[in-house]
>>> print(open('structure-v1.pdb').read())   # PDB, C-alpha atoms
ATOM      1  CA  MET A   1      14.373 -17.027  42.595
ATOM      2  CA  LYS A   2      14.565 -13.876  40.461
ATOM      3  CA  HIS A   3      16.725 -12.315  43.148
ATOM      4  CA  ILE A   4      19.145 -15.258  43.074
ATOM      5  CA  LEU A   5      19.355 -15.154  39.269
ATOM      6  CA  SER A   6      19.988 -11.410  39.404
ATOM      7  CA  ILE A   7      22.857 -11.841  41.895
ATOM      8  CA  THR A   8      24.316 -14.690  39.802
ATOM      9  CA  ALA A   9      24.241 -12.544  36.672
ATOM     10  CA  VAL A  10      26.023  -9.695  38.454
ATOM     11  CA  LEU A  11      28.687 -12.058  39.816
ATOM     12  CA  LEU A  12      29.276 -13.635  36.396
ATOM     13  CA  THR A  13      29.569 -10.199  34.773
ATOM     14  CA  ALA A  14      32.044  -9.059  37.405
ATOM     15  CA  ALA A  15      34.060 -12.247  37.084
ATOM     16  CA  GLY A  16      34.177 -11.821  33.320
ATOM     17  CA  GLN A  17      35.349  -8.226  33.643
ATOM     18  CA  LYS A  18      38.023  -9.263  36.162
ATOM     19  CA  ALA A  19      39.231 -12.092  33.894
ATOM     20  CA  GLN A  20      39.441  -9.699  30.982
ATOM     21  CA  SER A  21      41.400  -7.197  33.063
ATOM     22  CA  GLN A  22      43.860  -9.962  34.058
ATOM     23  CA  GLN A  23      44.406 -11.272  30.527
ATOM     24  CA  PRO A  24      47.832 -10.426  29.066
ATOM     25  CA  VAL A  25      47.967  -7.648  26.526
ATOM     26  CA  PRO A  26      48.047  -9.247  23.045
ATOM     27  CA  THR A  27      51.474  -9.296  21.465
ATOM     28  CA  PRO A  28      51.733  -6.876  18.528
ATOM     29  CA  ILE A  29      51.496  -8.623  15.176
ATOM     30  CA  SER A  30      54.897  -7.260  14.126
ATOM     31  CA  VAL A  31      56.571  -9.005  17.088
ATOM     32  CA  ILE A  32      54.787 -12.279  16.355
ATOM     33  CA  SER A  33      55.978 -12.062  12.752
ATOM     34  CA  GLU A  34      59.581 -11.537  13.839
ATOM     35  CA  GLN A  35      59.541 -14.556  16.130
ATOM     36  CA  ALA A  36      57.681 -16.836  13.713
ATOM     37  CA  VAL A  37      59.769 -19.231  11.637
ATOM     38  CA  HIS A  38      59.538 -18.602   7.897
ATOM     39  CA  TYR A  39      60.303 -21.306   5.347
ATOM     40  CA  LYS A  40      61.950 -19.956   2.227
ATOM     41  CA  THR A  41      63.929 -20.893  -0.868
ATOM     42  CA  ILE A  42      66.626 -18.967  -2.704
ATOM     43  CA  ASN A  43      68.302 -19.930  -5.979
ATOM     44  CA  VAL A  44      72.096 -20.153  -5.711
ATOM     45  CA  ASN A  45      73.840 -20.761  -9.031
ATOM     46  CA  GLY A  46      70.909 -22.801 -10.317
ATOM     47  CA  ILE A  47      70.327 -24.732  -7.081
ATOM     48  CA  ASN A  48      67.293 -24.022  -4.921
ATOM     49  CA  ILE A  49      68.454 -23.767  -1.320
ATOM     50  CA  PHE A  50      65.753 -24.156   1.318
ATOM     51  CA  TYR A  51      66.222 -22.276   4.587
ATOM     52  CA  ARG A  52      64.452 -21.432   7.811
ATOM     53  CA  GLU A  53      64.499 -17.813   8.970
ATOM     54  CA  ALA A  54      63.280 -16.092  12.113
ATOM     55  CA  GLY A  55      63.955 -13.087  14.293
ATOM     56  CA  PRO A  56      64.374  -9.348  13.720
ATOM     57  CA  LYS A  57      65.958  -8.452  10.368
ATOM     58  CA  ASN A  58      68.173  -5.886  12.063
ATOM     59  CA  GLY A  59      69.282  -8.268  14.825
ATOM     60  CA  PRO A  60      72.707  -9.932  15.039
ATOM     61  CA  VAL A  61      72.809 -12.819  12.554
ATOM     62  CA  ILE A  62      73.403 -16.442  13.516
ATOM     63  CA  LEU A  63      73.873 -18.956  10.667
ATOM     64  CA  LEU A  64      73.034 -22.549  11.626
ATOM     65  CA  MET A  65      74.828 -25.313   9.682
ATOM     66  CA  HIS A  66      73.344 -28.800  10.052
ATOM     67  CA  GLY A  67      75.107 -32.149   9.808
ATOM     68  CA  PHE A  68      74.590 -35.661   8.457
ATOM     69  CA  PRO A  69      72.082 -37.157   7.813
ATOM     70  CA  THR A  70      69.728 -34.430   8.896
ATOM     71  CA  SER A  71      68.837 -30.890   7.792
ATOM     72  CA  SER A  72      67.813 -27.537   9.253
ATOM     73  CA  PHE A  73      65.003 -29.541  10.871
ATOM     74  CA  MET A  74      67.486 -30.394  13.632
ATOM     75  CA  PHE A  75      67.284 -26.736  14.761
ATOM     76  CA  ARG A  76      63.476 -26.632  14.974
ATOM     77  CA  ASN A  77      63.508 -26.333  18.795
ATOM     78  CA  LEU A  78      66.540 -24.043  19.024
ATOM     79  CA  ILE A  79      65.388 -21.379  16.552
ATOM     80  CA  PRO A  80      62.464 -20.093  18.668
ATOM     81  CA  MET A  81      64.782 -19.810  21.673
ATOM     82  CA  LEU A  82      67.035 -17.379  19.806
ATOM     83  CA  SER A  83      64.669 -15.492  17.526
ATOM     84  CA  ASP A  84      63.423 -12.866  19.993
ATOM     85  CA  LYS A  85      66.772 -11.106  19.710
ATOM     86  CA  PHE A  86      68.767 -12.685  16.893
ATOM     87  CA  HIS A  87      68.239 -12.992  13.148
ATOM     88  CA  VAL A  88      68.395 -16.769  12.729
ATOM     89  CA  ILE A  89      69.073 -18.391   9.347
ATOM     90  CA  ALA A  90      69.306 -22.162   8.881
ATOM     91  CA  PRO A  91      69.855 -23.488   5.318
ATOM     92  CA  ASP A  92      69.731 -27.066   4.038
ATOM     93  CA  LEU A  93      72.857 -28.173   2.204
ATOM     94  CA  PRO A  94      72.420 -29.398  -1.400
ATOM     95  CA  GLY A  95      71.216 -32.999  -1.321
ATOM     96  CA  PHE A  96      69.879 -32.642   2.233
ATOM     97  CA  GLY A  97      66.494 -31.696   3.626
ATOM     98  CA  PHE A  98      64.362 -29.665   1.238
ATOM     99  CA  SER A  99      67.136 -28.141  -0.866
ATOM    100  CA  ASP A 100      67.644 -29.361  -4.427
ATOM    101  CA  PHE A 101      69.310 -32.722  -4.923
ATOM    102  CA  PRO A 102      71.205 -32.246  -8.209
ATOM    103  CA  PRO A 103      72.296 -35.427 -10.032
ATOM    104  CA  ARG A 104      75.855 -36.478  -9.245
ATOM    105  CA  GLU A 105      76.874 -36.034 -12.866
ATOM    106  CA  LYS A 106      75.855 -32.363 -12.649
ATOM    107  CA  TYR A 107      76.982 -31.527  -9.114
ATOM    108  CA  GLN A 108      80.120 -32.795  -7.397
ATOM    109  CA  TYR A 109      79.351 -33.835  -3.836
ATOM    110  CA  THR A 110      82.487 -32.721  -2.050
ATOM    111  CA  PHE A 111      82.885 -30.532   1.005
ATOM    112  CA  ASP A 112      84.659 -27.910  -1.090
ATOM    113  CA  ASN A 113      81.683 -27.759  -3.420
ATOM    114  CA  LEU A 114      79.135 -27.628  -0.589
ATOM    115  CA  ALA A 115      81.109 -24.726   0.871
ATOM    116  CA  ASN A 116      81.169 -23.004  -2.532
ATOM    117  CA  THR A 117      77.379 -23.255  -2.700
ATOM    118  CA  MET A 118      77.034 -21.910   0.836
ATOM    119  CA  GLN A 119      79.407 -19.080  -0.070
ATOM    120  CA  GLY A 120      76.959 -18.165  -2.815
ATOM    121  CA  PHE A 121      74.157 -18.413  -0.276
ATOM    122  CA  ILE A 122      75.678 -15.931   2.189
ATOM    123  CA  GLU A 123      76.498 -13.559  -0.660
ATOM    124  CA  GLN A 124      72.951 -13.623  -2.057
ATOM    125  CA  MET A 125      71.553 -13.224   1.450
ATOM    126  CA  GLU A 126      73.936 -10.249   1.828
ATOM    127  CA  LEU A 127      75.220 -11.433   5.196
ATOM    128  CA  LYS A 128      77.878  -8.922   6.221
ATOM    129  CA  HIS A 129      78.583 -10.190   9.734
ATOM    130  CA  PHE A 130      77.350 -13.347  11.416
ATOM    131  CA  ALA A 131      78.033 -15.900  14.104
ATOM    132  CA  ILE A 132      78.080 -19.469  12.851
ATOM    133  CA  TYR A 133      76.761 -22.620  14.528
ATOM    134  CA  ILE A 134      78.458 -25.738  13.161
ATOM    135  CA  PHE A 135      77.593 -29.398  13.696
ATOM    136  CA  ASP A 136      78.981 -32.615  12.219
ATOM    137  CA  TYR A 137      79.182 -32.169   8.385
ATOM    138  CA  GLY A 138      78.252 -28.528   8.912
ATOM    139  CA  ALA A 139      81.577 -28.042  10.708
ATOM    140  CA  PRO A 140      83.935 -28.543   7.738
ATOM    141  CA  VAL A 141      81.536 -26.556   5.537
ATOM    142  CA  GLY A 142      81.201 -23.743   8.061
ATOM    143  CA  LEU A 143      84.913 -23.606   8.847
ATOM    144  CA  ARG A 144      85.672 -23.315   5.127
ATOM    145  CA  LEU A 145      83.364 -20.299   5.131
ATOM    146  CA  ALA A 146      85.290 -18.895   8.096
ATOM    147  CA  LEU A 147      88.593 -19.337   6.222
ATOM    148  CA  HIS A 148      87.227 -17.415   3.244
ATOM    149  CA  ASN A 149      85.318 -14.776   5.231
ATOM    150  CA  PRO A 150      87.253 -14.110   8.442
ATOM    151  CA  GLU A 151      86.034 -10.514   8.524
ATOM    152  CA  LYS A 152      82.405 -11.669   8.589
ATOM    153  CA  ILE A 153      82.596 -14.134  11.488
ATOM    154  CA  THR A 154      81.566 -12.690  14.865
ATOM    155  CA  GLY A 155      81.750 -15.966  16.790
ATOM    156  CA  ILE A 156      81.587 -19.756  16.452
ATOM    157  CA  ILE A 157      79.383 -22.261  18.232
ATOM    158  CA  THR A 158      80.520 -25.815  17.588
ATOM    159  CA  GLN A 159      78.198 -28.637  18.587
ATOM    160  CA  ASN A 160      80.172 -31.836  18.116
ATOM    161  CA  GLY A 161      81.811 -30.144  15.138
ATOM    162  CA  ASN A 162      85.332 -31.478  15.010
ATOM    163  CA  ALA A 163      88.517 -29.688  13.871
ATOM    164  CA  TYR A 164      91.153 -31.785  15.666
ATOM    165  CA  LYS A 165      92.432 -35.333  15.281
ATOM    166  CA  GLU A 166      92.118 -35.730  19.057
ATOM    167  CA  GLY A 167      88.352 -35.840  18.693
ATOM    168  CA  LEU A 168      88.134 -38.508  15.988
ATOM    169  CA  LEU A 169      86.803 -41.884  17.124
ATOM    170  CA  ASP A 170      87.049 -45.016  14.972
ATOM    171  CA  TRP A 171      83.370 -45.924  15.247
ATOM    172  CA  ALA A 172      83.540 -47.966  11.995
ATOM    173  CA  ASN A 173      86.343 -50.319  13.095
ATOM    174  CA  GLY A 174      88.624 -49.216  10.292
ATOM    175  CA  LEU A 175      86.102 -49.523   7.442
ATOM    176  CA  VAL A 176      85.846 -45.788   6.820
ATOM    177  CA  GLN A 177      89.595 -45.280   7.043
ATOM    178  CA  ALA A 178      90.054 -48.063   4.464
ATOM    179  CA  PHE A 179      87.529 -46.310   2.219
ATOM    180  CA  TRP A 180      89.427 -43.037   2.598
ATOM    181  CA  ALA A 181      92.657 -44.751   1.577
ATOM    182  CA  ASP A 182      91.125 -46.668  -1.340
ATOM    183  CA  GLY A 183      87.762 -45.820  -2.930
ATOM    184  CA  SER A 184      87.387 -49.236  -4.581
ATOM    185  CA  LYS A 185      83.964 -50.794  -5.061
ATOM    186  CA  LYS A 186      84.783 -53.323  -2.332
ATOM    187  CA  ASN A 187      85.540 -50.600   0.209
ATOM    188  CA  ARG A 188      82.604 -48.485  -0.967
ATOM    189  CA  ASP A 189      80.179 -51.373  -0.532
ATOM    190  CA  ALA A 190      81.616 -52.175   2.904
ATOM    191  CA  VAL A 191      80.395 -48.833   4.315
ATOM    192  CA  ARG A 192      76.911 -48.854   2.759
ATOM    193  CA  LYS A 193      75.453 -50.229   5.965
ATOM    194  CA  PHE A 194      76.149 -46.908   7.658
ATOM    195  CA  PHE A 195      73.282 -45.355   5.670
ATOM    196  CA  SER A 196      70.608 -47.824   6.788
ATOM    197  CA  VAL A 197      67.774 -47.085   9.213
ATOM    198  CA  GLU A 198      69.638 -49.113  11.836
ATOM    199  CA  ALA A 199      72.625 -46.790  11.482
ATOM    200  CA  THR A 200      70.425 -43.692  11.674
ATOM    201  CA  ASN A 201      68.815 -45.030  14.832
ATOM    202  CA  PHE A 202      72.291 -45.630  16.250
ATOM    203  CA  GLN A 203      73.295 -42.031  15.557
ATOM    204  CA  TYR A 204      70.330 -40.668  17.456
ATOM    205  CA  HIS A 205      70.247 -43.106  20.370
ATOM    206  CA  GLN A 206      73.854 -44.016  21.142
ATOM    207  CA  GLY A 207      75.054 -42.336  24.329
ATOM    208  CA  VAL A 208      71.580 -41.062  25.292
ATOM    209  CA  SER A 209      70.517 -42.060  28.805
ATOM    210  CA  ASP A 210      66.812 -41.315  28.315
ATOM    211  CA  LYS A 211      65.955 -42.542  24.830
ATOM    212  CA  THR A 212      62.314 -41.482  25.222
ATOM    213  CA  LEU A 213      63.524 -37.929  24.541
ATOM    214  CA  ILE A 214      64.349 -38.786  20.915
ATOM    215  CA  ALA A 215      61.453 -37.715  18.684
ATOM    216  CA  PRO A 216      60.809 -40.517  16.156
ATOM    217  CA  GLU A 217      59.834 -38.139  13.358
ATOM    218  CA  THR A 218      63.403 -36.853  13.178
ATOM    219  CA  ILE A 219      64.683 -40.330  12.323
ATOM    220  CA  LEU A 220      61.780 -40.952   9.942
ATOM    221  CA  LEU A 221      62.429 -37.725   8.019
ATOM    222  CA  ASP A 222      66.184 -38.245   7.830
ATOM    223  CA  GLN A 223      65.848 -41.814   6.598
ATOM    224  CA  HIS A 224      63.077 -40.976   4.132
ATOM    225  CA  LEU A 225      65.270 -38.354   2.473
ATOM    226  CA  MET A 226      68.323 -40.606   2.596
ATOM    227  CA  ASP A 227      66.411 -43.354   0.798
ATOM    228  CA  ARG A 228      65.695 -41.166  -2.235
ATOM    229  CA  PRO A 229      67.065 -42.675  -5.475
ATOM    230  CA  ASP A 230      70.840 -42.165  -5.769
ATOM    231  CA  ASN A 231      71.063 -40.332  -2.434
ATOM    232  CA  ILE A 232      73.166 -43.016  -0.785
ATOM    233  CA  GLU A 233      75.628 -42.811  -3.676
ATOM    234  CA  MET A 234      75.888 -39.086  -2.999
ATOM    235  CA  GLN A 235      76.406 -39.804   0.682
ATOM    236  CA  LEU A 236      79.151 -42.277  -0.177
ATOM    237  CA  ASP A 237      80.839 -39.582  -2.268
ATOM    238  CA  LEU A 238      80.778 -37.219   0.709
ATOM    239  CA  LEU A 239      81.987 -39.861   3.140
ATOM    240  CA  ARG A 240      84.977 -40.596   0.888
ATOM    241  CA  ASP A 241      85.676 -36.869   0.596
ATOM    242  CA  TYR A 242      85.605 -36.443   4.378
ATOM    243  CA  ARG A 243      89.334 -37.200   4.393
ATOM    244  CA  THR A 244      89.896 -33.732   2.877
ATOM    245  CA  ASN A 245      88.440 -32.187   6.032
ATOM    246  CA  ILE A 246      91.112 -33.823   8.163
ATOM    247  CA  GLU A 247      93.731 -32.550   5.729
ATOM    248  CA  LEU A 248      92.357 -29.037   6.358
ATOM    249  CA  TYR A 249      92.558 -29.296  10.158
ATOM    250  CA  PRO A 250      95.912 -27.422  10.242
ATOM    251  CA  ALA A 251      94.380 -24.567   8.207
ATOM    252  CA  PHE A 252      91.375 -24.400  10.531
ATOM    253  CA  GLN A 253      93.684 -24.358  13.557
ATOM    254  CA  GLU A 254      95.809 -21.591  12.030
ATOM    255  CA  TYR A 255      92.614 -19.572  11.555
ATOM    256  CA  PHE A 256      91.822 -20.000  15.268
ATOM    257  CA  ARG A 257      95.329 -18.893  16.245
ATOM    258  CA  LYS A 258      95.333 -15.901  13.911
ATOM    259  CA  TYR A 259      91.867 -14.480  14.443
ATOM    260  CA  LYS A 260      91.015 -15.877  17.899
ATOM    261  CA  PRO A 261      87.243 -15.769  17.406
ATOM    262  CA  LYS A 262      85.104 -16.362  20.466
ATOM    263  CA  ILE A 263      84.196 -20.059  20.429
ATOM    264  CA  LEU A 264      81.557 -21.936  22.394
ATOM    265  CA  ALA A 265      81.898 -25.723  22.185
ATOM    266  CA  VAL A 266      78.642 -27.422  23.222
ATOM    267  CA  TRP A 267      79.338 -31.133  23.146
ATOM    268  CA  GLY A 268      77.460 -34.352  23.745
ATOM    269  CA  SER A 269      80.048 -36.106  25.907
ATOM    270  CA  ASN A 270      78.913 -39.600  24.840
ATOM    271  CA  ASP A 271      79.164 -38.935  21.101
ATOM    272  CA  PRO A 272      80.359 -42.145  19.351
ATOM    273  CA  TYR A 273      81.994 -40.135  16.521
ATOM    274  CA  PHE A 274      83.657 -37.104  18.119
ATOM    275  CA  SER A 275      84.941 -37.320  21.681
ATOM    276  CA  PRO A 276      85.097 -34.458  24.225
ATOM    277  CA  ALA A 277      88.836 -34.294  23.495
ATOM    278  CA  GLY A 278      87.841 -32.660  20.212
ATOM    279  CA  ALA A 279      86.028 -29.921  22.123
ATOM    280  CA  GLU A 280      88.843 -29.317  24.578
ATOM    281  CA  ALA A 281      91.380 -29.159  21.724
ATOM    282  CA  TYR A 282      89.992 -25.817  20.536
ATOM    283  CA  LYS A 283      91.527 -24.249  23.645
ATOM    284  CA  LYS A 284      95.032 -25.071  22.394
ATOM    285  CA  ASP A 285      94.761 -22.556  19.565
ATOM    286  CA  ASP A 286      92.118 -20.138  20.758
ATOM    287  CA  PRO A 287      92.101 -18.857  24.361
ATOM    288  CA  ASN A 288      88.629 -17.406  23.724
ATOM    289  CA  THR A 289      87.124 -20.899  23.831
ATOM    290  CA  THR A 290      84.506 -22.056  26.332
ATOM    291  CA  VAL A 291      83.627 -25.766  26.531
ATOM    292  CA  LYS A 292      80.292 -27.065  27.789
ATOM    293  CA  LEU A 293      79.746 -30.818  28.035
ATOM    294  CA  TYR A 294      76.330 -32.458  28.266
ATOM    295  CA  ASP A 295      75.546 -36.025  29.262
ATOM    296  CA  THR A 296      74.117 -37.073  25.907
ATOM    297  CA  GLY A 297      75.070 -38.334  22.463
ATOM    298  CA  HIS A 298      75.721 -36.967  18.972
ATOM    299  CA  PHE A 299      72.413 -35.137  18.430
ATOM    300  CA  ALA A 300      72.608 -33.165  21.663
ATOM    301  CA  LEU A 301      69.822 -30.742  20.686
ATOM    302  CA  GLU A 302      67.327 -33.606  20.722
ATOM    303  CA  THR A 303      67.810 -34.141  24.455
ATOM    304  CA  ASN A 304      69.400 -30.971  25.882
ATOM    305  CA  VAL A 305      68.028 -28.093  23.829
ATOM    306  CA  LYS A 306      67.008 -26.042  26.882
ATOM    307  CA  GLU A 307      70.504 -26.062  28.374
ATOM    308  CA  ILE A 308      72.266 -25.614  25.044
ATOM    309  CA  GLY A 309      69.829 -22.931  23.943
ATOM    310  CA  ALA A 310      70.450 -20.934  27.135
ATOM    311  CA  ASP A 311      74.230 -21.266  26.763
ATOM    312  CA  VAL A 312      74.113 -20.240  23.101
ATOM    313  CA  TYR A 313      71.834 -17.275  23.845
ATOM    314  CA  ASN A 314      74.197 -16.008  26.550
ATOM    315  CA  PHE A 315      77.209 -16.528  24.285
ATOM    316  CA  LEU A 316      75.641 -14.598  21.396
ATOM    317  CA  SER A 317      74.549 -11.818  23.735
ATOM    318  CA  ASN A 318      78.166 -11.225  24.733
ATOM    319  CA  LEU A 319      79.737 -11.098  21.278
TER     320      LEU A 319
END
>>> encode(input="structure-v1.pdb", output="structure tokens")
Amino acid sequence: MKHILSITAVLLTAAGQKAQSQQPVPTPISVISEQAVHYKTINVNGINIFYREAGPKNGPVILLMHGFPTSSFMFRNLIPMLSDKFHVIAPDLPGFGFSDFPPREKYQYTFDNLANTMQGFIEQMELKHFAIYIFDYGAPVGLRLALHNPEKITGIITQNGNAYKEGLLDWANGLVQAFWADGSKKNRDAVRKFFSVEATNFQYHQGVSDKTLIAPETILLDQHLMDRPDNIEMQLDLLRDYRTNIELYPAFQEYFRKYKPKILAVWGSNDPYFSPAGAEAYKKDDPNTTVKLYDTGHFALETNVKEIGADVYNFLSNL
């Protein structure tokens, strides 16, 4: 019996030593720190802007601009895919996510003003050169930044971020267009339903073949923040102001023709708001455009982050 126990002890010791020898070498703490996502706040002209940051400080910068009704949370799965090589920065726009939500009487909720705040953000962050990832509302904000900082932009990734009339779909059956033409109380009230939980669910699920891929906490967070007091009034202000983005389309297109930045359009082909024609239209003005279509809806990162992440990583690596 003692002999058996002795053999067993030797075998266990040897197995333990072998397992230890086969274990991967621990990653240096400095590398873990670079790849970890940090959650920070910076004050821009009296407004606290929340942002997510990851990756090496000396790496090429990629600025991620979220859309409606979400926040930088939409990039939670993409950021780790890029942060081994790239310095990733994802801010929340004022009134969205965890950034300040100034009262409407103190802060004008227009796309020009959001872009002005983000201009202050990139200046305080001392971003000299960066690629920009634009989505939904983040597209007109980000493209305004490109107009004002053409020398800083190294490339553009547009995920269902429209800059052409060809991509606009009338998902609201004329209600939004009527609101653009006339901001009366009647027209304003007619579009309130687009800020309900039913509408948020529609945004996430429409055009998605496998709806079990949509994480429910994303909808819960978006709707919780949308339901804050006076937030829907702010959202109505922005929706009315969206008409100014369409008026700027010619300026955006002239920027593409003049500077010809490398563009990667990653597009949910079943998006109910912006059709694939909006992605293909970039090619008219910028021959450095690559279009990738995915069989999904508006929030393509929720369902296709692995494919999009790989395409974005390769695109950034070749800038």
>>> closest_atom_pairs(input="structure-v1.pdb", of="range 109-191 of chain A", to="range 44-49 of chain A", cutoff="10 Å", atoms="only C-alpha atoms", output="Markdown table")
| residue | atom | partner | partner_atom | distance |
| --- | --- | --- | --- | --- |
| A:Thr117 | CA | A:Val44 | CA | 6.8 |
| A:Met118 | CA | A:Val44 | CA | 8.4 |
| A:Gln119 | CA | A:Val44 | CA | 9.3 |
| A:Gly120 | CA | A:Val44 | CA | 6.0 |
| A:Phe121 | CA | A:Val44 | CA | 6.1 |
| A:Ile122 | CA | A:Val44 | CA | 9.6 |
| A:Glu123 | CA | A:Val44 | CA | 9.4 |
| A:Gln124 | CA | A:Val44 | CA | 7.5 |
| A:Met125 | CA | A:Val44 | CA | 10.0 |
>>> resolve_selection(input="structure-v1.pdb", expression="the PyMOL selection byres ((chain A and resi 174-191) around 10)", output="PDB file with C-alpha atoms, in the coordinates of the input")
ATOM      1  CA  ASP A 170      87.049 -45.016  14.972  1.00  0.00           C
ATOM      2  CA  TRP A 171      83.370 -45.924  15.247  1.00  0.00           C
ATOM      3  CA  ALA A 172      83.540 -47.966  11.995  1.00  0.00           C
ATOM      4  CA  ASN A 173      86.343 -50.319  13.095  1.00  0.00           C
ATOM      5  CA  ARG A 192      76.911 -48.854   2.759  1.00  0.00           C
ATOM      6  CA  LYS A 193      75.453 -50.229   5.965  1.00  0.00           C
ATOM      7  CA  PHE A 194      76.149 -46.908   7.658  1.00  0.00           C
ATOM      8  CA  PHE A 195      73.282 -45.355   5.670  1.00  0.00           C
ATOM      9  CA  GLU A 233      75.628 -42.811  -3.676  1.00  0.00           C
ATOM     10  CA  LEU A 236      79.151 -42.277  -0.177  1.00  0.00           C
ATOM     11  CA  ASP A 237      80.839 -39.582  -2.268  1.00  0.00           C
ATOM     12  CA  LEU A 239      81.987 -39.861   3.140  1.00  0.00           C
ATOM     13  CA  ARG A 240      84.977 -40.596   0.888  1.00  0.00           C
ATOM     14  CA  ASP A 241      85.676 -36.869   0.596  1.00  0.00           C
ATOM     15  CA  TYR A 242      85.605 -36.443   4.378  1.00  0.00           C
ATOM     16  CA  ARG A 243      89.334 -37.200   4.393  1.00  0.00           C
ATOM     17  CA  THR A 244      89.896 -33.732   2.877  1.00  0.00           C
TER      18      THR A 244
END
>>> residues_near_point(input="structure-v1.pdb", point="(69.2, -16.9, 6.6)", cutoff="12 Å", atoms="only C-alpha atoms", output="PyMOL selection string")
chain A and resi 37-42+49-57+59-65+72+79+83+86-92+118+121-132
>>> atom_distance(input="structure-v1.pdb", atom1="CA of Gln203 in chain A", atom2="CA of Asp222 in chain A")
11.2 Å
>>> resolve_selection(input="structure-v1.pdb", expression="the PyMOL selection byres ((chain A and resi 137) around 10)", output="list in words")
Met65, His66, Gly67, Phe68, Pro69, Thr70, Leu93, Phe111, Ile134, Phe135, Asp136, Gly138, Ala139, Pro140, Val141, Gly142, Asn160, Gly161, Asn162, Leu238, Leu239, Tyr242 and Asn245 of chain A
>>> atom_distance(input="structure-v1.pdb", atom1="CA of Gln159 in chain A", atom2="CA of Asn43 in chain A")
27.9 Å
>>> decode(input="structure-v1.pdb", residues="range 100-114 of chain A", atoms="N, CA and C atoms", output="mmCIF file, in the first residue's frame")
data_model
loop_
_atom_site.group_PDB
_atom_site.id
_atom_site.type_symbol
_atom_site.label_atom_id
_atom_site.label_comp_id
_atom_site.auth_asym_id
_atom_site.auth_seq_id
_atom_site.Cartn_x
_atom_site.Cartn_y
_atom_site.Cartn_z
ATOM 1 N N ASP A 100 -22.737 64.470 -19.640
ATOM 2 C CA ASP A 100 -23.719 65.384 -19.060
ATOM 3 C C ASP A 100 -24.914 65.575 -19.990
ATOM 4 N N PHE A 101 -26.037 65.852 -19.379
ATOM 5 C CA PHE A 101 -27.277 66.137 -20.103
ATOM 6 C C PHE A 101 -27.718 67.548 -19.717
ATOM 7 N N PRO A 102 -27.081 68.577 -20.312
ATOM 8 C CA PRO A 102 -27.414 69.954 -19.933
ATOM 9 C C PRO A 102 -28.871 70.274 -20.268
ATOM 10 N N PRO A 103 -29.523 71.118 -19.470
ATOM 11 C CA PRO A 103 -30.894 71.536 -19.781
ATOM 12 C C PRO A 103 -30.953 72.213 -21.147
ATOM 13 N N ARG A 104 -32.074 72.068 -21.817
ATOM 14 C CA ARG A 104 -32.225 72.598 -23.171
ATOM 15 C C ARG A 104 -32.106 74.113 -23.200
ATOM 16 N N GLU A 105 -32.454 74.770 -22.104
ATOM 17 C CA GLU A 105 -32.339 76.224 -22.083
ATOM 18 C C GLU A 105 -30.882 76.682 -21.951
ATOM 19 N N LYS A 106 -29.992 75.749 -21.591
ATOM 20 C CA LYS A 106 -28.579 76.096 -21.441
ATOM 21 C C LYS A 106 -27.692 75.496 -22.543
ATOM 22 N N TYR A 107 -28.236 74.537 -23.279
ATOM 23 C CA TYR A 107 -27.448 73.885 -24.322
ATOM 24 C C TYR A 107 -28.373 73.605 -25.497
ATOM 25 N N GLN A 108 -28.008 74.094 -26.664
ATOM 26 C CA GLN A 108 -28.834 73.913 -27.854
ATOM 27 C C GLN A 108 -28.525 72.566 -28.486
ATOM 28 N N TYR A 109 -29.539 71.701 -28.556
ATOM 29 C CA TYR A 109 -29.342 70.373 -29.105
ATOM 30 C C TYR A 109 -29.541 70.397 -30.618
ATOM 31 N N THR A 110 -28.447 70.754 -31.286
ATOM 32 C CA THR A 110 -28.370 70.727 -32.738
ATOM 33 C C THR A 110 -27.121 69.945 -33.113
ATOM 34 N N PHE A 111 -27.052 69.499 -34.345
ATOM 35 C CA PHE A 111 -25.882 68.748 -34.781
ATOM 36 C C PHE A 111 -24.658 69.645 -34.885
ATOM 37 N N ASP A 112 -24.866 70.914 -35.221
ATOM 38 C CA ASP A 112 -23.744 71.856 -35.211
ATOM 39 C C ASP A 112 -23.157 71.974 -33.812
ATOM 40 N N ASN A 113 -24.023 72.057 -32.824
ATOM 41 C CA ASN A 113 -23.553 72.243 -31.453
ATOM 42 C C ASN A 113 -22.894 70.974 -30.907
ATOM 43 N N LEU A 114 -23.457 69.806 -31.247
ATOM 44 C CA LEU A 114 -22.800 68.558 -30.844
ATOM 45 C C LEU A 114 -21.402 68.474 -31.447
#
